[in-house]
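Novice: To be precise about what I am sending: the file is called input-v6.txt and holds compact mmCIF, C-alpha atoms.
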# COMPACT_ATOMS: atom_id res chain seq x y z
CA MET C 1 3.36 -5.30 -18.53
CA VAL C 2 2.83 -6.59 -14.98
CA ASP C 3 -0.62 -6.51 -13.40
CA GLN C 4 -0.41 -5.50 -9.72
CA LEU C 5 -4.18 -5.32 -9.20
CA LEU C 6 -6.69 -7.88 -7.99
CA ASP C 7 -8.46 -9.36 -10.96
CA TRP C 8 -11.98 -10.78 -10.88
CA GLU C 9 -10.79 -14.33 -10.25
CA ASP C 10 -8.19 -13.40 -7.59
CA ASP C 11 -8.67 -13.97 -3.88
CA LEU C 12 -8.35 -11.04 -1.50
CA PRO C 13 -5.05 -11.35 0.44
CA GLU C 14 -5.65 -12.95 3.83
CA ARG C 15 -4.32 -9.94 5.73
CA ASP C 16 -6.66 -7.55 3.91
CA PHE C 17 -9.57 -9.96 4.29
CA ASP C 18 -9.12 -10.09 8.07
CA LEU C 19 -8.81 -6.30 8.33
CA ALA C 20 -11.98 -5.84 6.29
CA GLU C 21 -13.93 -8.24 8.52
CA GLU C 22 -12.72 -6.42 11.65
CA SER C 23 -13.72 -3.04 10.22
CA ALA C 24 -17.13 -4.37 9.19
CA ALA C 25 -17.73 -5.64 12.71
CA LYS C 26 -16.89 -2.22 14.17
CA SER C 27 -19.16 -0.38 11.74
CA ALA C 28 -22.01 -2.75 12.66
CA GLU C 29 -21.95 -1.42 16.23
CA PRO C 30 -24.52 1.22 17.28
CA LYS C 31 -24.01 4.50 15.38
CA GLY C 32 -21.57 2.74 13.06
CA LEU C 33 -20.84 4.29 9.68
CA ALA C 34 -19.37 2.81 6.50
CA ILE C 35 -18.25 5.12 3.67
CA CYS C 36 -17.71 3.48 0.27
CA LEU C 37 -15.52 5.57 -2.01
CA GLY C 38 -15.27 5.08 -5.76
CA THR C 39 -16.63 1.56 -6.14
CA SER C 40 -19.25 -0.14 -8.26
CA MET C 41 -20.10 -2.39 -5.28
CA GLN C 42 -20.04 -5.50 -7.44
CA MET C 43 -17.34 -7.63 -5.85
CA THR C 44 -18.40 -10.13 -3.19
CA PRO C 45 -18.00 -10.44 -0.26
CA ALA C 46 -16.49 -6.92 -0.17
CA ARG C 47 -19.74 -5.26 -1.28
CA ASP C 48 -21.69 -6.91 1.56
CA TRP C 49 -19.49 -5.79 4.47
CA PRO C 50 -20.50 -2.08 4.38
CA CYS C 51 -24.17 -3.09 4.32
CA GLU C 52 -23.76 -4.45 7.84
CA ALA C 53 -23.07 -0.95 9.17
CA GLY C 54 -25.67 1.10 10.99
CA ARG C 55 -25.42 3.63 8.15
CA MET C 56 -23.80 3.32 4.75
CA VAL C 57 -22.75 6.19 2.47
CA ILE C 58 -21.74 5.56 -1.15
CA VAL C 59 -19.65 8.10 -3.08
CA ASN C 60 -19.46 7.13 -6.74
CA LEU C 61 -20.02 8.89 -10.04
CA GLN C 62 -22.12 6.05 -11.46
CA PRO C 63 -25.02 4.12 -9.91
CA THR C 64 -24.17 0.97 -7.93
CA VAL C 65 -26.08 -2.20 -7.12
CA LYS C 66 -26.22 -1.19 -3.45
CA ASP C 67 -27.55 2.35 -3.82
CA ALA C 68 -30.98 1.36 -2.50
CA GLU C 69 -29.44 0.11 0.76
CA ALA C 70 -27.41 3.28 1.39
CA LYS C 71 -28.45 6.01 3.78
CA LEU C 72 -26.87 8.57 1.44
CA VAL C 73 -25.58 8.40 -2.14
CA ILE C 74 -23.31 11.15 -3.46
CA ARG C 75 -22.52 11.54 -7.16
CA ALA C 76 -19.30 13.55 -7.05
CA PRO C 77 -15.50 13.10 -7.30
CA ILE C 78 -13.98 11.55 -4.18
CA ASP C 79 -11.42 14.37 -3.79
CA THR C 80 -14.18 16.97 -3.73
CA VAL C 81 -16.28 15.08 -1.18
CA MET C 82 -13.45 14.25 1.21
CA ARG C 83 -11.98 17.74 1.04
CA GLY C 84 -15.37 19.21 1.97
CA LEU C 85 -15.82 16.67 4.76
CA VAL C 86 -12.45 17.42 6.34
CA GLN C 87 -12.94 21.17 6.03
CA GLY C 88 -16.38 20.87 7.61
CA LEU C 89 -15.07 18.88 10.56
CA GLU C 90 -12.23 21.35 11.11
CA GLN C 91 -14.55 24.36 10.86
CA SER C 92 -16.96 22.84 13.37
CA ARG C 93 -14.09 22.25 15.78
CA LEU C 94 -12.97 25.87 15.49
CA GLU C 95 -16.48 27.06 16.26
CA GLY C 96 -16.59 25.03 19.45
CA PRO C 97 -14.57 22.12 20.90
CA SER C 98 -17.73 20.07 21.33
CA GLN C 99 -19.04 20.79 17.82
CA GLY C 100 -16.55 18.98 15.63
CA LEU C 101 -13.61 16.62 15.44
CA GLU C 102 -9.93 17.34 15.06
CA VAL C 103 -8.78 15.56 11.93
CA PRO C 104 -5.40 13.96 12.70
CA ARG C 105 -2.69 13.99 10.10
CA TYR C 106 -2.59 10.71 8.21
CA GLU C 107 0.75 9.03 8.76
CA ARG C 108 1.54 6.15 6.44
CA ALA C 109 4.31 3.63 7.01
CA GLU C 110 4.85 0.51 4.91
CA ALA C 111 7.11 -2.41 5.79
CA PHE C 112 9.05 -4.48 3.29
CA ALA C 113 11.69 -7.18 3.62
CA LEU C 114 14.97 -8.04 1.94
CA SER C 115 15.76 -11.73 2.17
CA HIS C 116 18.24 -14.12 0.61
CA ARG C 117 19.00 -17.81 0.52
CA PHE C 118 21.93 -19.80 -0.82
CA GLU C 119 20.73 -22.47 -3.19
CA SER C 120 22.85 -25.31 -1.77
CA PRO C 121 22.23 -26.73 1.74
CA ARG C 122 23.84 -24.80 4.59
CA GLY C 123 25.12 -22.15 2.20
CA ARG C 124 28.11 -24.21 1.00
CA GLY C 125 27.66 -23.19 -2.63
CA ASP C 126 28.16 -19.81 -4.25
CA ASP C 127 24.76 -19.19 -5.87
CA TRP C 128 22.13 -17.25 -3.99
CA SER C 129 18.81 -15.55 -4.66
CA LEU C 130 17.57 -12.24 -3.24
CA GLN C 131 13.96 -11.14 -2.89
CA ILE C 132 12.37 -7.80 -2.04
CA ALA C 133 8.70 -8.14 -1.05
CA ASP C 134 6.35 -7.36 1.82
CA GLU C 135 6.54 -9.28 5.09
CA THR C 136 4.36 -12.07 3.69
CA GLY C 137 6.35 -12.42 0.48
CA SER C 138 3.75 -10.61 -1.62
CA PRO C 139 4.41 -7.71 -4.05
CA CYS C 140 4.72 -4.19 -2.64
CA GLY C 141 2.38 -1.89 -4.53
CA PHE C 142 4.13 1.20 -3.18
CA ILE C 143 7.54 0.31 -4.69
CA LEU C 144 8.17 1.27 -8.31
CA HIS C 145 11.51 -0.43 -8.91
CA VAL C 146 14.72 -1.47 -7.12
CA THR C 147 18.39 -1.19 -8.06
CA VAL C 148 20.95 -3.63 -6.67
CA ALA C 149 24.72 -3.00 -6.83
CA ASN C 150 27.60 -5.13 -5.57
CA GLY C 151 30.55 -2.96 -6.57
CA GLN C 152 30.98 -4.68 -9.92
CA GLU C 153 27.59 -4.31 -11.56
CA THR C 154 24.28 -2.58 -11.02
CA VAL C 155 20.97 -4.12 -12.03
CA THR C 156 17.48 -2.65 -12.03
CA LEU C 157 14.58 -4.84 -10.94
CA GLU C 158 11.24 -3.78 -12.38
CA ARG C 159 9.03 -6.83 -11.98
CA GLN C 160 7.38 -7.79 -8.70
CA PRO C 161 8.04 -9.60 -6.51
CA PHE C 162 11.56 -8.29 -7.08
CA ARG C 163 14.14 -11.10 -7.36
CA HIS C 164 17.87 -11.10 -8.11
CA ARG C 165 20.44 -13.87 -8.35
CA GLY C 166 24.15 -13.68 -7.63
CA ARG C 167 27.27 -15.58 -6.58
CA GLY C 168 29.49 -15.43 -3.56
CA ARG C 169 29.23 -13.68 -0.23
CA THR C 170 28.99 -9.96 -0.74
CA THR C 171 27.62 -6.65 0.46
CA LEU C 172 24.81 -5.24 -1.63
CA GLN C 173 23.82 -1.62 -2.02
CA VAL C 174 20.07 -1.63 -2.56
CA THR C 175 18.14 1.46 -3.62
CA VAL C 176 14.35 1.32 -3.34
CA HIS C 177 12.43 3.72 -5.59
CA PHE C 178 8.86 4.44 -4.57
CA ASP C 179 5.79 4.93 -6.69
CA ARG C 180 4.04 8.28 -6.68
CA ILE C 181 1.29 8.99 -4.12
CA PRO C 182 -1.83 10.78 -5.41
CA LEU C 183 -2.71 14.02 -3.61
CA GLY C 184 -5.84 14.82 -5.60
CA ASP C 185 -6.54 17.31 -8.38
CA GLY C 186 -3.98 15.58 -10.60
CA ARG C 187 -1.11 16.22 -8.17
CA PHE C 188 1.28 13.59 -6.83
CA TYR C 189 4.04 13.21 -4.26
CA ARG C 190 7.00 10.89 -4.65
CA ARG C 191 9.16 9.98 -1.67
CA GLN C 192 12.92 10.10 -2.02
CA PRO C 193 14.53 6.68 -2.65
CA MET C 194 15.79 4.62 0.31
CA MET C 195 19.43 3.51 0.10
CA LEU C 196 20.11 0.33 2.07
CA THR C 197 23.06 -1.96 2.75
CA TYR C 198 22.37 -5.68 2.83
CA GLU C 199 24.82 -8.45 3.69
CA VAL C 200 24.72 -11.76 1.83
CA ALA C 201 26.82 -13.90 4.16
CA ALA C 202 24.90 -16.51 6.14
CA ALA C 203 23.11 -19.45 4.51
CA GLU C 204 19.98 -17.34 4.58
CA GLY C 205 18.95 -13.99 5.99
CA ARG C 206 16.14 -11.49 6.24
CA GLN C 207 15.90 -7.82 7.15
CA VAL C 208 12.71 -5.79 7.51
CA PHE C 209 12.66 -2.08 6.71
CA THR C 210 9.96 0.55 7.14
CA ALA C 211 9.31 3.32 4.63
CA ASP C 212 7.71 6.54 5.82
CA LEU C 213 5.24 7.41 3.08
CA THR C 214 3.52 10.25 4.91
CA THR C 215 2.89 13.07 2.46
CA PRO C 216 4.22 16.49 3.51
CA LEU C 217 1.67 19.13 4.44
CA ASP C 218 3.40 21.73 2.29
CA GLY C 219 5.89 19.68 0.36
CA PRO C 220 6.77 19.40 -3.31
CA ALA C 221 4.11 17.94 -5.54
CA GLY C 222 3.98 17.34 -9.26
CA ASN C 223 1.62 16.11 -11.91
CA CYS C 224 3.79 13.40 -13.39
Here is the file; what I need is its structure written in the form of structure tokens.
Specialist:
Amino acid sequence: MVDQLLDWEDDLPERDFDLAEESAAKSAEPKGLAICLGTSMQMTPARDWPCEAGRMVIVNLQPTVKDAEAKLVIRAPIDTVMRGLVQGLEQSRLEGPSQGLEVPRYERAEAFALSHRFESPRGRGDDWSLQIADETGSPCGFILHVTVANGQETVTLERQPFRHRGRGRTTLQVTVHFDRIPLGDGRFYRRQPMMLTYEVAAAEGRQVFTADLTTPLDGPAGNC
């Protein structure tokens, strides 16, 4: 079992911390709005950022410690609330261009990097290590597992951050398998695996790839 979540004693990743502070500053501007979805509002400082907004809405099935500070509290499933919100915005737009907002399609792209390094200085030895992680070297929550093949053997990496060791300069065939993406109502979408070629030749190397994780509007979905 490998825990990929933030536990109580863990620090928020620096990248996410900075993004949260930027978003909080924007929502604190006049007419700003912060919507808190499915949270007990107990973790600090995350629970305090939405309170800086001009208006705060909390959507959660159970009471939270910040309910009294919210402009609106909704006790309902997130899928139900967001579906109604999007449909309402679209319907208002159809009734008049100035009445609503066009909801753009959400396009999701995630970057990850393959990198290697020979263990001896200047790559004079044969032993090397390979890592698959995000651009900062952290685990990729959207990747389920990775298979690595060199023509002689194939190994499956299931623990993040994904690491593999080998010998000699070679060309690797790397297949990245992605975790399922929830669509709501118990349905999920899983992107097809990415098949990549990676060269282990220089003393060290690094290649960044981008996975398109945008869910299809009318694509296949399952409940597994």
Novice: I'd like the neighbourhood of Pro216 of chain C as a list of chain:residue names, where a residue qualifies if any of its atoms comes within 12 Å (using only C-alpha atoms), though same-chain residues fewer than 3 positions away should be ignored.
Specialist: C:Arg105, C:Tyr106, C:Glu107, C:Arg108, C:Ile181, C:Leu183, C:Phe188, C:Tyr189, C:Arg190, C:Arg191, C:Asp212, C:Leu213, C:Gly219, C:Pro220, C:Ala221
Novice: List the residues sitting within 10 Å of (31.5, -4.5, -8.3) in the file's frame, using only C-alpha atoms, as a list of chain:residue names.
Specialist: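 Output of the proximity query reads C:Ala149, C:Asn150, C:Gly151, C:Gln152, C:Glu153, C:Thr154, C:Thr170, C:Thr171, C:Leu172.
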Novice: Create the file for the chosen residues now, containing C-alpha atoms and written as a PDB file, keeping the file's coordinate frame.
Specialist:
ATOM      1  CA  ALA C 149      24.720  -3.000  -6.830  1.00  0.00           C
ATOM      2  CA  ASN C 150      27.600  -5.130  -5.570  1.00  0.00           C
ATOM      3  CA  GLY C 151      30.550  -2.960  -6.570  1.00  0.00           C
ATOM      4  CA  GLN C 152      30.980  -4.680  -9.920  1.00  0.00           C
ATOM      5  CA  GLU C 153      27.590  -4.310 -11.560  1.00  0.00           C
ATOM      6  CA  THR C 154      24.280  -2.580 -11.020  1.00  0.00           C
ATOM      7  CA  THR C 170      28.990  -9.960  -0.740  1.00  0.00           C
ATOM      8  CA  THR C 171      27.620  -6.650   0.460  1.00  0.00           C
ATOM      9  CA  LEU C 172      24.810  -5.240  -1.630  1.00  0.00           C
TER      10      LEU C 172
END
Novice: Pick the closest to Glu135 of chain C from C:Ile78, C:Val103, C:Val208, C:Ile58: which is it, counting only C-alpha atoms?
Specialist: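 Among the listed residues, the smallest separation from Glu135 of chain C belongs to C:Val208.
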Novice: Have a look at C:Arg55, C:His116, C:Arg15, C:Arg163 and name the one nearest to Glu199 of chain C; count only C-alpha atoms.
Specialist: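 Ranked by minimum distance to Glu199 of chain C, first place goes to C:His116.
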Novice: Which residue, C:Ser40, C:Pro104, C:Gln173, C:Val65, has the smallest gap to Val86 of chain C when you use only C-alpha atoms?
Specialist: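 When distances to Val86 of chain C are compared using only C-alpha atoms, the smallest one comes from C:Pro104.
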Novice: Check the smallest atom-to-atom distance from each of C:Thr64, C:Ser27, C:Gln160, C:Thr210 to Gln131 of chain C using all atoms listed in the file, then report the winner.
Specialist: C:Gln160
Novice: Is it possible to get the residues within 7 Å of (12.3, 4.2, -1.1) (coordinates as in the file, counting all atoms listed in the file) written as a PyMOL selection string?
Specialist: chain C and resi 175-178+191-194+211
Novice: Find the distance between atom CA of Arg206 of chain C and atom CA of Asp179 of chain C and write it in Å to one decimal.
Specialist: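 We find that atom CA of Arg206 of chain C and atom CA of Asp179 of chain C lie 23.3 Å from each other.
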Novice: Which distance in Å separates atom CA of Ser129 of chain C and atom CA of Phe162 of chain C, to one decimal?
Specialist: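 These two atoms are separated by 10.5 Å.
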Novice: Give me, please, the distance in Å between atom CA of Gly137 of chain C and atom CA of Pro182 of chain C, quoted to one decimal.
Specialist: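 That distance, rounded to one decimal, is 25.3 Å.
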Novice: Please determine, counting only C-alpha atoms, which residue among C:Pro30, C:Val81, C:Thr214, C:Leu61 has the shortest atom-to-atom distance to Glu110 of chain C.
Specialist: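 Selected residue with least distance to Glu110 of chain C: C:Thr214.
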Novice: Looking at only C-alpha atoms, which of C:Trp49, C:Tyr198, C:Phe112, C:Phe209 is the one that sits closest to Gly141 of chain C?
Specialist: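 Ranked by minimum distance to Gly141 of chain C, first place goes to C:Phe112.
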